[in-house]
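As structure tokens, the structure follows; a few thoughts come after it.
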Amino acid sequence: MTPFWRKNKSEPAPAQAAGDSAISNELNLSDIEELSQALGIVNSMAGPVVNAKTAMTLSIVYACTRLISGAIASLPLPVYQDGDVRTKAAGHPLAPLLNLQPTAAYSAALFWERITANVLLKGDAHVLIIRNGLGEPTELLPIDVATVENIAGRLVYFVQLDGTTRGFDQGEILHFSGFGFNGLKSLSVIQHAANNSIGLAMVMEQYSSQFFKDGAHQSLAIIKNGKWEAEDQENFRNAYNRVYGGIDKSNLPLTISKALDIKELSVNAADSQLLEGRKFQITDIARAFGLDGFMVNDTEKSTTWGTGMAELSLGFIRYTLQPHLNRFQQELNRKLFLNTQYFVEFNTAGLLRGTTQQRYEAYGKALGGSNVPGFMSINEVRRLENLSPVANAIYDQPYDPRMVITEQQNA
């Protein structure tokens, strides 16, 4: 559907009757909501506008985005050749684009961090595929898409390039979508799942900042036996304010005589449950990003995933990263490798790399021994530990106890 600000731009405006408003019925509530969504102007129930820029001022949103984006950016993305036994196609021309430098301005790590951050904060990320004269991809350029339209069953992406708007067919754009893709765009975590939580957290940040800015007290009463003289009262208030008035020195105390009945004038941070509320918002926002609290240093509650790093990493990969990785891989494979014998797949083995003891125990089982055959060779294990291979053919084959028995019988 064409956005209202693009509708019938080439058609002449209809004639206006005398006295009619120049904008009669041209802009309705749904149009305003549509424009607000396009510009990222979405108010939370708590009041503040929540968008990619404002949400990242919260440390918990920054931490969740940094953690997920950094984890995906650290994963190798090998190109494989399919067959009876799949093999790495290290010499494929797209391998350097995906793992080293997609475009001149970005390393691969920075590229995948930007893509993942856009998916988390905006719902979608877009990359223009630049091809040479033979139609081969030579550059992957991250872009900001203005609008997406479905025209005759094909998606067309309108992009601002060099001051002009250009439309690109879906075959020229890598569209990395997030959860809830509706055919045009996906749901943004911060504007849907965590909109109100982030808005409330922003209000709490503002309140707590003001609370301490004002000297950690909203109101204070100073009681004096007898009556305050006007000059003494003013001098006392000014002297007090110079020492305890907070950063902007504007929190003047109330000065009253003893004869008046004094009531509590304000609540402190503990009474207003500010600290408890902020802790809950951290958990709630992390939940929207698919992270358990301990992943972003919220150690108040222990995890039920176990204490080993392997268990923690496995849960993080399965429940947080894998949905993103699947969507990214499928988009790359259908746009860059369709109808070929090649494909890409993120290698998550590095995130599962345990301690030295854990690795050596796993290698011992992989190598086999006694009457148990192995499924890895010594040189394969050495390669995983970044050691040079042993120049002997026997170390390139997994251990097979049957071969040992045969050699003993022949001897």
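Following the order of the structure tokens, first chain is A, next is B, and so on, with residues numbered from 1 inside each chain and ligands from 1 in the order they appear.
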* To do: For Phe328 of chain A, please output as a ChimeraX atom specification all residues within 10 Å (counting only C-alpha atoms; exclusion window: fewer than 6 positions along the same chain).
  => /A:115-116,174-178,322,344-346
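Every protein or nucleic acid residue with an atom no more than 6 Å from segment 366-374 of chain A, counting only C-alpha atoms and leaving out same-chain residues fewer than 6 positions away, appears here: Pro398, Tyr399, Asp400 and Pro401 of chain A.
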Output file for the selection above: C-alpha atoms, as a tab-separated table (two decimals), in the first residue's frame:
```tsv
chain	number	residue	atom	x	y	z
A	398	PRO	CA	40.29	-41.09	13.23
A	399	TYR	CA	41.29	-43.90	15.54
A	400	ASP	CA	39.78	-47.29	14.58
A	401	PRO	CA	40.45	-50.22	16.97
```
* Skip Leu67 of chain A itself and residues of its chain fewer than 3 positions away, then list as a PyMOL selection string all residues within 10 Å of it, counting only C-alpha atoms. => chain A and resi 61-64+70-73+113+117+291+295-296
Suppose we keep N, CA and C atoms; can you now write the selection as an mmCIF file, in the first residue's frame?
```
data_model
loop_
_atom_site.group_PDB
_atom_site.id
_atom_site.type_symbol
_atom_site.label_atom_id
_atom_site.label_comp_id
_atom_site.auth_asym_id
_atom_site.auth_seq_id
_atom_site.Cartn_x
_atom_site.Cartn_y
_atom_site.Cartn_z
ATOM 1 N N VAL A 61 19.137 -1.146 27.469
ATOM 2 C CA VAL A 61 18.920 -1.313 26.030
ATOM 3 C C VAL A 61 20.261 -1.365 25.304
ATOM 4 N N TYR A 62 21.166 -0.495 25.690
ATOM 5 C CA TYR A 62 22.504 -0.506 25.101
ATOM 6 C C TYR A 62 23.184 -1.848 25.343
ATOM 7 N N ALA A 63 23.084 -2.371 26.579
ATOM 8 C CA ALA A 63 23.744 -3.630 26.921
ATOM 9 C C ALA A 63 23.155 -4.794 26.129
ATOM 10 N N CYS A 64 21.829 -4.866 26.027
ATOM 11 C CA CYS A 64 21.191 -5.962 25.278
ATOM 12 C C CYS A 64 21.566 -5.900 23.806
ATOM 13 N N GLY A 70 27.196 -7.991 19.161
ATOM 14 C CA GLY A 70 28.592 -8.397 19.250
ATOM 15 C C GLY A 70 28.772 -9.895 19.121
ATOM 16 N N ALA A 71 27.834 -10.672 19.678
ATOM 17 C CA ALA A 71 27.932 -12.129 19.580
ATOM 18 C C ALA A 71 27.794 -12.592 18.139
ATOM 19 N N ILE A 72 26.828 -12.032 17.409
ATOM 20 C CA ILE A 72 26.648 -12.425 16.009
ATOM 21 C C ILE A 72 27.821 -11.953 15.159
ATOM 22 N N ALA A 73 28.342 -10.758 15.450
ATOM 23 C CA ALA A 73 29.480 -10.242 14.684
ATOM 24 C C ALA A 73 30.737 -11.069 14.893
ATOM 25 N N GLU A 113 27.385 -6.045 13.165
ATOM 26 C CA GLU A 113 26.888 -5.318 14.334
ATOM 27 C C GLU A 113 25.812 -4.319 13.934
ATOM 28 N N ALA A 117 21.923 -4.661 15.106
ATOM 29 C CA ALA A 117 21.385 -3.556 15.899
ATOM 30 C C ALA A 117 20.156 -2.960 15.231
ATOM 31 N N LEU A 291 16.783 -12.103 26.499
ATOM 32 C CA LEU A 291 17.953 -12.346 27.355
ATOM 33 C C LEU A 291 17.530 -12.559 28.792
ATOM 34 N N MET A 295 22.669 -12.296 31.890
ATOM 35 C CA MET A 295 23.464 -12.032 30.698
ATOM 36 C C MET A 295 23.868 -10.564 30.596
ATOM 37 N N VAL A 296 23.124 -9.691 31.275
ATOM 38 C CA VAL A 296 23.450 -8.259 31.253
ATOM 39 C C VAL A 296 23.816 -7.791 32.663
#
```
* **DSSP alpha helix (DSSP H) residues within segment 77-248 of chain A, listed as a PyMOL selection string** => chain A and resi 95-99+108-122+195-213+230-244
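Between atom CA of Phe168 of chain A and atom CA of Gly135 of chain A there is a distance of 14.9 Å.
For the pair atom CA of Ser74 of chain A and atom CA of Leu332 of chain A, the separation is 17.5 Å.
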* Asked: Which parts of segment 49-245 of chain A does DSSP call strand (DSSP E or B) when run on the backbone here, written out as a VMD selection string?
  -> chain A and resid 49 79 to 81 87 to 88 103 106 124 to 131 137 to 143 145 to 151 154 to 161 164 to 169 173 to 177 221 to 224
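Distance-wise, atom CA of Gln330 of chain A and atom CA of Leu140 of chain A end up 16.3 Å apart.
Proximity to Gln341 of chain A was assessed for A:Phe375, A:Phe158, A:Trp228, A:Tyr80 counting only C-alpha atoms; the smallest distance is recorded for A:Tyr80.
Of the listed residues A:His126, A:Asn225, A:Thr283, A:Gln81, the one whose atoms come nearest to Ile173 of chain A is A:His126, with distances taken using only C-alpha atoms.
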